[in-house]
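Visitor: This is the structure I have questions about; it appears just below.
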Amino acid sequence: MKKFIYLMTTIALVAGMALLSGCGSSKEATDYAYIEDKGTLTVGLDDTFAPMGFRDKDDNLVGVDIDLAKAVGKKLGIKVEFQPIDWDAKEAELKSKNIDCVWNGMSATKDRQKSMTLSNKYFNNKILVMSLDKGINIKSSADLKNYKVGTQADSAALESVKADKNYDSFADNVSEYPTYDEAILDMKAGRIDVIVIDEVYALYNNKNKTKLYQSDFDFGSDKYAVGFRKGDKELAAKVNDAIQECIDDGTADKICEKWFGKGSSLIINEGYDN
């Protein structure tokens, strides 16, 4: 009888330990619990993308996404750290847990929806056509065959230009530049007539640098999302909720006003159609 009681007690203890161990494992397996446990959200970024995330004259990281990520961290009660990365290796950086998310004006493409868990679209960027000459007003992409066009190499703007149905008719007129600033300088020199540019940079440029005039035609939306490790849905949902809080309490408007001027509320919280 004593052996039976001892055996049953041992089984109960083992089962209890397994249950406790299982609960601990479940917590550790949760993506948001992982962030809570370490107390830090590590944000990966390209630190040269003004005005989303870049270095000021004192080498401090500043920008729209820097301010928004910090505001989200404050809502969540979690410290936010920023880690410059090789942009082409962002998925590998996530998988290795060197970073917890990619937050730096990243386009919410279908390919990225497959390779990462994305937040809701949080930034309403567009691809604009602009000029230094107020008299130039592009009404459709077909008009670009009559103008010299500049844009930034390897940009979402260039992708939109090349994907346009009329691209073949104006392809020979397109010049690529390492940066938008260099394209604007060439426009000032009269070597190009218009620039195809991210709205986010155009607004920042207009507030701080050179006045550009927007045409009626644009190449459509290029909305941004935050990228997380594939499967990190709880963390993505927490960030979505915190961004909505920033919109509701006016924090988002203050960030946009700081970087783009009054009336430029580009921070959104928009889901996906598919």
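Residue numbers start at 1 in each chain; chains themselves are named A, B, ... in the order of the structure tokens; ligands are numbered from 1 in the order shown.
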Using backbone DSSP assignments, extract all strand (DSSP E) residues from region 26-121 of chain A; output them as JSON, numbers by chain.
Guide: {"A": [40, 41, 42, 43, 44, 45, 48, 49, 53, 54, 55, 61, 62, 79, 80, 81, 82, 83, 84, 101, 102, 117, 118, 121]}
Visitor: Could you tell me, as an MDAnalysis selection string, which residues of region 14-125 of chain A DSSP assigns to alpha helix (DSSP H) when given the backbone?
Guide: chainID A and resid 14:29 31:38 64:76 90:95 110:115
Visitor: With only C-alpha atoms as the basis for distance, which of A:Lys126, A:Lys238, A:Lys114, A:Lys75 is at the shortest distance from Ile197 (chain A)?
Guide: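 Residue with the minimum atom-to-atom distance to Ile197 (chain A): A:Lys126.
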Visitor: For a quick check of understanding, using only C-alpha atoms, which of A:Val200, A:Leu185, A:Cys101, A:Asp273 has the smallest distance to Gly63 (chain A)?
Guide: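 Of A:Val200, A:Leu185, A:Cys101, A:Asp273, the one nearest Gly63 (chain A), counting only C-alpha atoms, is A:Val200.
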Visitor: Restricting the calculation to only C-alpha atoms, which member of A:Ser221, A:Asn120, A:Asn208, A:Ser131 is positioned closest to Ser160 (chain A)?
Guide: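 The answer is A:Ser221, which sits nearest to Ser160 (chain A).
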Visitor: What's around region 148-153 of chain A at 6 Å? Count only C-alpha atoms, leave out sequence neighbours fewer than 2 positions away in its own chain, and write the answer as a PyMOL selection string.
Guide: chain A and resi 155+173-180+183+192-196
Visitor: Next, dump the selected residues to file, keeping only all heavy atoms, as an mmCIF file, in the first residue's frame.
Guide:
data_model
loop_
_atom_site.group_PDB
_atom_site.id
_atom_site.type_symbol
_atom_site.label_atom_id
_atom_site.label_comp_id
_atom_site.auth_asym_id
_atom_site.auth_seq_id
_atom_site.Cartn_x
_atom_site.Cartn_y
_atom_site.Cartn_z
ATOM 1 N N SER A 155 14.623 52.857 -55.823
ATOM 2 C CA SER A 155 13.568 53.398 -54.963
ATOM 3 C C SER A 155 12.206 52.837 -55.358
ATOM 4 O O SER A 155 12.028 52.297 -56.456
ATOM 5 C CB SER A 155 13.522 54.927 -55.070
ATOM 6 O OG SER A 155 13.144 55.321 -56.387
ATOM 7 N N ASN A 173 13.700 58.971 -71.412
ATOM 8 C CA ASN A 173 13.777 60.288 -70.774
ATOM 9 C C ASN A 173 14.120 60.208 -69.286
ATOM 10 O O ASN A 173 14.292 61.238 -68.630
ATOM 11 C CB ASN A 173 12.425 61.023 -70.898
ATOM 12 C CG ASN A 173 12.059 61.329 -72.335
ATOM 13 O OD1 ASN A 173 12.825 61.062 -73.243
ATOM 14 N ND2 ASN A 173 10.872 61.880 -72.544
ATOM 15 N N VAL A 174 14.187 58.991 -68.738
ATOM 16 C CA VAL A 174 14.349 58.817 -67.293
ATOM 17 C C VAL A 174 15.827 58.727 -66.907
ATOM 18 O O VAL A 174 16.580 57.929 -67.479
ATOM 19 C CB VAL A 174 13.612 57.552 -66.807
ATOM 20 C CG1 VAL A 174 13.855 57.332 -65.309
ATOM 21 C CG2 VAL A 174 12.116 57.662 -67.092
ATOM 22 N N SER A 175 16.222 59.535 -65.950
ATOM 23 C CA SER A 175 17.581 59.487 -65.391
ATOM 24 C C SER A 175 17.500 59.085 -63.926
ATOM 25 O O SER A 175 16.616 59.545 -63.195
ATOM 26 C CB SER A 175 18.265 60.857 -65.489
ATOM 27 O OG SER A 175 18.409 61.252 -66.846
ATOM 28 N N GLU A 176 18.429 58.215 -63.502
ATOM 29 C CA GLU A 176 18.467 57.751 -62.115
ATOM 30 C C GLU A 176 19.608 58.427 -61.365
ATOM 31 O O GLU A 176 20.686 58.643 -61.921
ATOM 32 C CB GLU A 176 18.647 56.232 -62.069
ATOM 33 C CG GLU A 176 17.517 55.461 -62.738
ATOM 34 C CD GLU A 176 17.766 53.956 -62.729
ATOM 35 O OE1 GLU A 176 18.462 53.471 -61.812
ATOM 36 O OE2 GLU A 176 17.271 53.266 -63.645
ATOM 37 N N TYR A 177 19.343 58.748 -60.095
ATOM 38 C CA TYR A 177 20.317 59.438 -59.245
ATOM 39 C C TYR A 177 20.500 58.668 -57.933
ATOM 40 O O TYR A 177 19.575 58.003 -57.467
ATOM 41 C CB TYR A 177 19.840 60.859 -58.942
ATOM 42 C CG TYR A 177 19.726 61.729 -60.165
ATOM 43 C CD1 TYR A 177 18.570 61.722 -60.949
ATOM 44 C CD2 TYR A 177 20.773 62.557 -60.550
ATOM 45 C CE1 TYR A 177 18.451 62.508 -62.079
ATOM 46 C CE2 TYR A 177 20.671 63.358 -61.685
ATOM 47 C CZ TYR A 177 19.514 63.324 -62.453
ATOM 48 O OH TYR A 177 19.411 64.112 -63.577
ATOM 49 N N PRO A 178 21.680 58.777 -57.329
ATOM 50 C CA PRO A 178 21.899 58.092 -56.044
ATOM 51 C C PRO A 178 20.943 58.553 -54.954
ATOM 52 O O PRO A 178 20.554 57.774 -54.090
ATOM 53 C CB PRO A 178 23.345 58.450 -55.696
ATOM 54 C CG PRO A 178 23.992 58.763 -57.005
ATOM 55 C CD PRO A 178 22.918 59.403 -57.837
ATOM 56 N N THR A 179 20.556 59.848 -54.986
ATOM 57 C CA THR A 179 19.630 60.399 -53.991
ATOM 58 C C THR A 179 18.657 61.357 -54.663
ATOM 59 O O THR A 179 18.921 61.871 -55.761
ATOM 60 C CB THR A 179 20.373 61.175 -52.885
ATOM 61 O OG1 THR A 179 20.983 62.334 -53.471
ATOM 62 C CG2 THR A 179 21.447 60.313 -52.224
ATOM 63 N N TYR A 180 17.543 61.617 -53.981
ATOM 64 C CA TYR A 180 16.601 62.620 -54.477
ATOM 65 C C TYR A 180 17.238 64.007 -54.496
ATOM 66 O O TYR A 180 16.965 64.812 -55.396
ATOM 67 C CB TYR A 180 15.342 62.651 -53.604
ATOM 68 C CG TYR A 180 14.401 61.483 -53.817
ATOM 69 C CD1 TYR A 180 13.867 60.786 -52.741
ATOM 70 C CD2 TYR A 180 14.025 61.088 -55.102
ATOM 71 C CE1 TYR A 180 12.988 59.729 -52.924
ATOM 72 C CE2 TYR A 180 13.154 60.031 -55.298
ATOM 73 C CZ TYR A 180 12.637 59.355 -54.209
ATOM 74 O OH TYR A 180 11.772 58.301 -54.396
ATOM 75 N N ALA A 183 19.009 64.563 -57.661
ATOM 76 C CA ALA A 183 18.057 64.778 -58.755
ATOM 77 C C ALA A 183 17.520 66.207 -58.726
ATOM 78 O O ALA A 183 17.391 66.862 -59.776
ATOM 79 C CB ALA A 183 16.911 63.777 -58.651
ATOM 80 N N ILE A 192 16.984 68.180 -65.918
ATOM 81 C CA ILE A 192 15.719 67.444 -65.939
ATOM 82 C C ILE A 192 14.592 68.428 -65.641
ATOM 83 O O ILE A 192 14.819 69.511 -65.086
ATOM 84 C CB ILE A 192 15.686 66.275 -64.925
ATOM 85 C CG1 ILE A 192 15.925 66.784 -63.489
ATOM 86 C CG2 ILE A 192 16.684 65.195 -65.299
ATOM 87 C CD1 ILE A 192 15.752 65.704 -62.428
ATOM 88 N N ASP A 193 13.379 68.041 -66.028
ATOM 89 C CA ASP A 193 12.225 68.930 -65.868
ATOM 90 C C ASP A 193 11.376 68.591 -64.645
ATOM 91 O O ASP A 193 10.822 69.480 -64.001
ATOM 92 C CB ASP A 193 11.331 68.857 -67.112
ATOM 93 C CG ASP A 193 12.081 69.158 -68.383
ATOM 94 O OD1 ASP A 193 12.703 70.238 -68.434
ATOM 95 O OD2 ASP A 193 12.065 68.323 -69.312
ATOM 96 N N VAL A 194 11.236 67.280 -64.384
ATOM 97 C CA VAL A 194 10.387 66.831 -63.278
ATOM 98 C C VAL A 194 11.098 65.726 -62.509
ATOM 99 O O VAL A 194 12.027 65.082 -63.022
ATOM 100 C CB VAL A 194 9.010 66.318 -63.767
ATOM 101 C CG1 VAL A 194 8.231 67.416 -64.468
ATOM 102 C CG2 VAL A 194 9.169 65.102 -64.671
ATOM 103 N N ILE A 195 10.624 65.517 -61.286
ATOM 104 C CA ILE A 195 11.154 64.434 -60.468
ATOM 105 C C ILE A 195 9.994 63.566 -59.992
ATOM 106 O O ILE A 195 8.929 64.076 -59.634
ATOM 107 C CB ILE A 195 11.952 64.998 -59.265
ATOM 108 C CG1 ILE A 195 12.595 63.869 -58.466
ATOM 109 C CG2 ILE A 195 11.089 65.862 -58.377
ATOM 110 C CD1 ILE A 195 13.539 64.362 -57.371
ATOM 111 N N VAL A 196 10.199 62.255 -60.036
ATOM 112 C CA VAL A 196 9.241 61.316 -59.450
ATOM 113 C C VAL A 196 9.795 60.958 -58.079
ATOM 114 O O VAL A 196 10.916 60.463 -57.955
ATOM 115 C CB VAL A 196 9.072 60.055 -60.318
ATOM 116 C CG1 VAL A 196 8.053 59.106 -59.686
ATOM 117 C CG2 VAL A 196 8.635 60.436 -61.732
#
Visitor: Just to confirm, what's the straight-line distance from CA of Asp241 (chain A) to CA of Val72 (chain A) in Å (one decimal)?
Guide: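 A separation of 9.0 Å between them.
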Visitor: Point out the residue among A:Gly135, A:Gly105, A:Gly39, A:Gly263 with the least atom-to-atom distance to Met52 (chain A), counting only C-alpha atoms.
Guide: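 The answer is A:Gly105, which sits nearest to Met52 (chain A).
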Visitor: Hey, can you check how far CA of Thr117 (chain A) sits from CA of Tyr32 (chain A)?
Guide: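 Between CA of Thr117 (chain A) and CA of Tyr32 (chain A) the gap is 13.2 Å.
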